[in-house]
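> Dropping the structure in here first, questions after.
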Amino acid sequence: MHPKNEALLDRLIEVTENNSATWSETSLADQFVVSLASGSVFITLKHVSILGEVSPCPEYTLSITDIYGHEVDSVSVTSTSKISAHTRIEFAKLKRLYSLVSRNVRHVDQTIDALLSDLGENK
């Protein structure tokens with residue numbers, strides 16, 4: 001992964017953890033977008049079949065578009081049994097961002113808190 005892409009990914013993780021970025025779902029399944037003044041960033045999960053793997057492998061893609069909606073770059077990492085240690089780190093970062101965004105947009109934590117409250121859970 002290019003160092004600039006890695007810096008962007010790290011910053012996206014940071015602002016998403018702090019709830020400083022407003023992500024939303026797109027019309028595609030398992031894809032989210034954050035729109036900024038200079039362009040947009042998409043994070044997508046799909047499962048791909050790779051020869052030699054028992055089941056479809058998760059693939060995360062980070063796509064960057066300019067202010068006109070043209071894709072200017074993208075990074076995809078698929079988790080297979082044969083990826084390098086460095087690629088595993090990149091995969092883990094993309095997976096972390098996707099998970100943070102998904103939980104945020106789908107209000108997972110709020111729903112769990114409400115369910116716990118319904119069940120009389122003391123905080």
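Order determines the names: the first chain of the structure tokens is A, the second B, and so forth; residues in each chain are numbered 1 upward, and ligands are numbered 1 upward as they are shown.
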Excluding Leu28 of chain A and residues on its chain fewer than 4 positions from it, collect all residues at most 12 Å away from it, counting only C-alpha atoms, and give them as a list in words.
Ser24, Phe32, Val33, Phe42, Ile43, Thr44, Leu45 and Lys46 of chain A
> Hey, what's within 10 Å of Glu59 of chain A if we count only C-alpha atoms and toss same-chain stuff fewer than 5 positions away? As a list in words, please?
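The residues that qualify are Thr44, Leu45, Lys46, His47, Val48, Ser49, Ser76, Val77, Thr78, Ser79, Thr80, Phe91, Leu94 and Lys95 of chain A.
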> Only N, CA and C atoms, please: the residues just picked out, written as a short mmCIF file (atom, residue, chain, number, x, y, z; two decimals), in the first residue's frame.

```
data_model
loop_
_atom_site.label_atom_id
_atom_site.label_comp_id
_atom_site.auth_asym_id
_atom_site.auth_seq_id
_atom_site.Cartn_x
_atom_site.Cartn_y
_atom_site.Cartn_z
N THR A 44 -15.61 -0.98 1.21
CA THR A 44 -16.50 -2.04 0.72
C THR A 44 -16.00 -3.40 1.18
N LEU A 45 -16.94 -4.27 1.52
CA LEU A 45 -16.63 -5.67 1.83
C LEU A 45 -17.33 -6.54 0.82
N LYS A 46 -16.59 -7.47 0.26
CA LYS A 46 -17.22 -8.51 -0.55
C LYS A 46 -16.47 -9.80 -0.32
N HIS A 47 -17.08 -10.90 -0.69
CA HIS A 47 -16.44 -12.21 -0.54
C HIS A 47 -16.15 -12.75 -1.94
N VAL A 48 -14.90 -13.12 -2.14
CA VAL A 48 -14.47 -13.59 -3.45
C VAL A 48 -13.96 -15.02 -3.36
N SER A 49 -14.19 -15.76 -4.42
CA SER A 49 -13.69 -17.13 -4.48
C SER A 49 -12.30 -17.13 -5.08
N SER A 76 -7.28 -2.77 -2.54
CA SER A 76 -8.04 -3.95 -2.17
C SER A 76 -7.11 -4.97 -1.56
N VAL A 77 -7.57 -5.60 -0.49
CA VAL A 77 -6.81 -6.67 0.14
C VAL A 77 -7.76 -7.81 0.43
N THR A 78 -7.38 -8.98 -0.04
CA THR A 78 -8.15 -10.20 0.20
C THR A 78 -7.40 -11.06 1.19
N SER A 79 -8.12 -11.57 2.16
CA SER A 79 -7.48 -12.44 3.15
C SER A 79 -7.50 -13.88 2.64
N THR A 80 -6.31 -14.37 2.37
CA THR A 80 -6.16 -15.77 1.98
C THR A 80 -5.10 -16.39 2.89
N PHE A 91 -4.73 -5.67 5.69
CA PHE A 91 -6.05 -6.28 5.76
C PHE A 91 -6.71 -5.96 7.10
N LEU A 94 -7.98 -2.35 7.16
CA LEU A 94 -9.19 -2.18 6.35
C LEU A 94 -10.39 -2.82 7.04
N LYS A 95 -10.18 -3.99 7.62
CA LYS A 95 -11.25 -4.69 8.34
C LYS A 95 -11.70 -3.86 9.54
#
```
> Which value, in Å to one decimal, gives the distance between atom CA of Asn5 of chain A and atom CA of Thr87 of chain A?
13.6 Å
> Considering only C-alpha atoms, return as a PyMOL selection string whatever protein or nucleic-acid residues lie within 9 Å of segment 8-11 of chain A, sequence-local ones (same chain, fewer than 2 positions apart) excluded.
chain A and resi 3-6+13-16+62+93-94+97
> Residues as selected, C-alpha atoms, written as a tab-separated table (two decimals), in the first residue's frame, can you do that?

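Result went into result02.tsv, see below:
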```
chain	number	residue	atom	x	y	z
A	3	PRO	CA	2.32	5.47	2.23
A	4	LYS	CA	-0.26	8.18	1.42
A	5	ASN	CA	-3.03	5.58	1.27
A	6	GLU	CA	-1.84	4.12	4.56
A	13	ILE	CA	-9.77	4.93	11.53
A	14	GLU	CA	-8.92	7.68	14.02
A	15	VAL	CA	-11.74	10.07	13.06
A	16	THR	CA	-14.24	7.21	12.83
A	62	LEU	CA	-10.85	1.42	-0.01
A	93	LYS	CA	-6.62	-2.04	9.16
A	94	LEU	CA	-9.19	-2.18	6.35
A	97	LEU	CA	-12.27	0.59	9.47
```
> Would you mind reading off the distance between atom CA of Ile89 of chain A and atom CA of Val101 of chain A, one decimal, in Å?
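Those two atoms sit 18.4 Å apart.
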> Could you tell me, as a PyMOL selection string, which residues of segment 3-122 of chain A DSSP assigns to helix (DSSP H, G or I) when given the backbone?
chain A and resi 3-17+85-105+108-118
> From the DSSP assignment of the backbone, select every residue of chain A that is strand (DSSP E), and format the answer as a ChimeraX atom specification.
/A:23-25,31-36,39-48,57-65,71-78
> Could you write out the selected residues, including C-alpha atoms, as a CSV table (one decimal), in the first residue's frame?

```csv
chain,number,residue,atom,x,y,z
A,23,TRP,CA,-20.3,7.8,7.1
A,24,SER,CA,-23.4,6.6,5.3
A,25,GLU,CA,-24.5,3.5,3.4
A,31,GLN,CA,-20.4,-0.4,1.1
A,32,PHE,CA,-20.2,2.9,3.0
A,33,VAL,CA,-19.0,6.4,2.0
A,34,VAL,CA,-17.7,9.5,3.7
A,35,SER,CA,-17.9,12.7,1.7
A,36,LEU,CA,-15.4,15.4,2.3
A,39,GLY,CA,-13.7,14.1,-2.5
A,40,SER,CA,-15.1,10.9,-1.1
A,41,VAL,CA,-13.8,7.6,0.4
A,42,PHE,CA,-15.7,4.3,0.1
A,43,ILE,CA,-15.1,1.2,2.1
A,44,THR,CA,-16.5,-2.0,0.7
A,45,LEU,CA,-16.6,-5.7,1.8
A,46,LYS,CA,-17.2,-8.5,-0.6
A,47,HIS,CA,-16.4,-12.2,-0.5
A,48,VAL,CA,-14.5,-13.6,-3.5
A,57,CYS,CA,-12.4,-15.0,1.2
A,58,PRO,CA,-13.3,-11.6,2.5
A,59,GLU,CA,-11.9,-8.7,0.5
A,60,TYR,CA,-11.9,-5.1,1.7
A,61,THR,CA,-11.6,-2.2,-0.8
A,62,LEU,CA,-10.8,1.4,0.0
A,63,SER,CA,-11.8,3.6,-3.0
A,64,ILE,CA,-11.0,7.3,-3.3
A,65,THR,CA,-12.9,9.7,-5.6
A,71,GLU,CA,-12.1,7.3,-8.9
A,72,VAL,CA,-8.5,8.4,-8.4
A,73,ASP,CA,-7.2,5.4,-6.4
A,74,SER,CA,-8.3,2.2,-4.7
A,75,VAL,CA,-6.7,-0.4,-2.5
A,76,SER,CA,-8.0,-4.0,-2.2
A,77,VAL,CA,-6.8,-6.7,0.1
A,78,THR,CA,-8.2,-10.2,0.2
```
> At what distance in Å, to one decimal, does atom CA of Glu17 of chain A lie from atom CA of Leu100 of chain A?
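Value for the atom CA of Leu100 of chain A-atom CA of Glu17 of chain A distance: 6.9 Å.
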> Which residue out of A:Leu12, A:Ala114, A:Ile67, A:Ala85 has the minimum interatomic distance to Ala37 of chain A when only C-alpha atoms are used?
A:Ile67
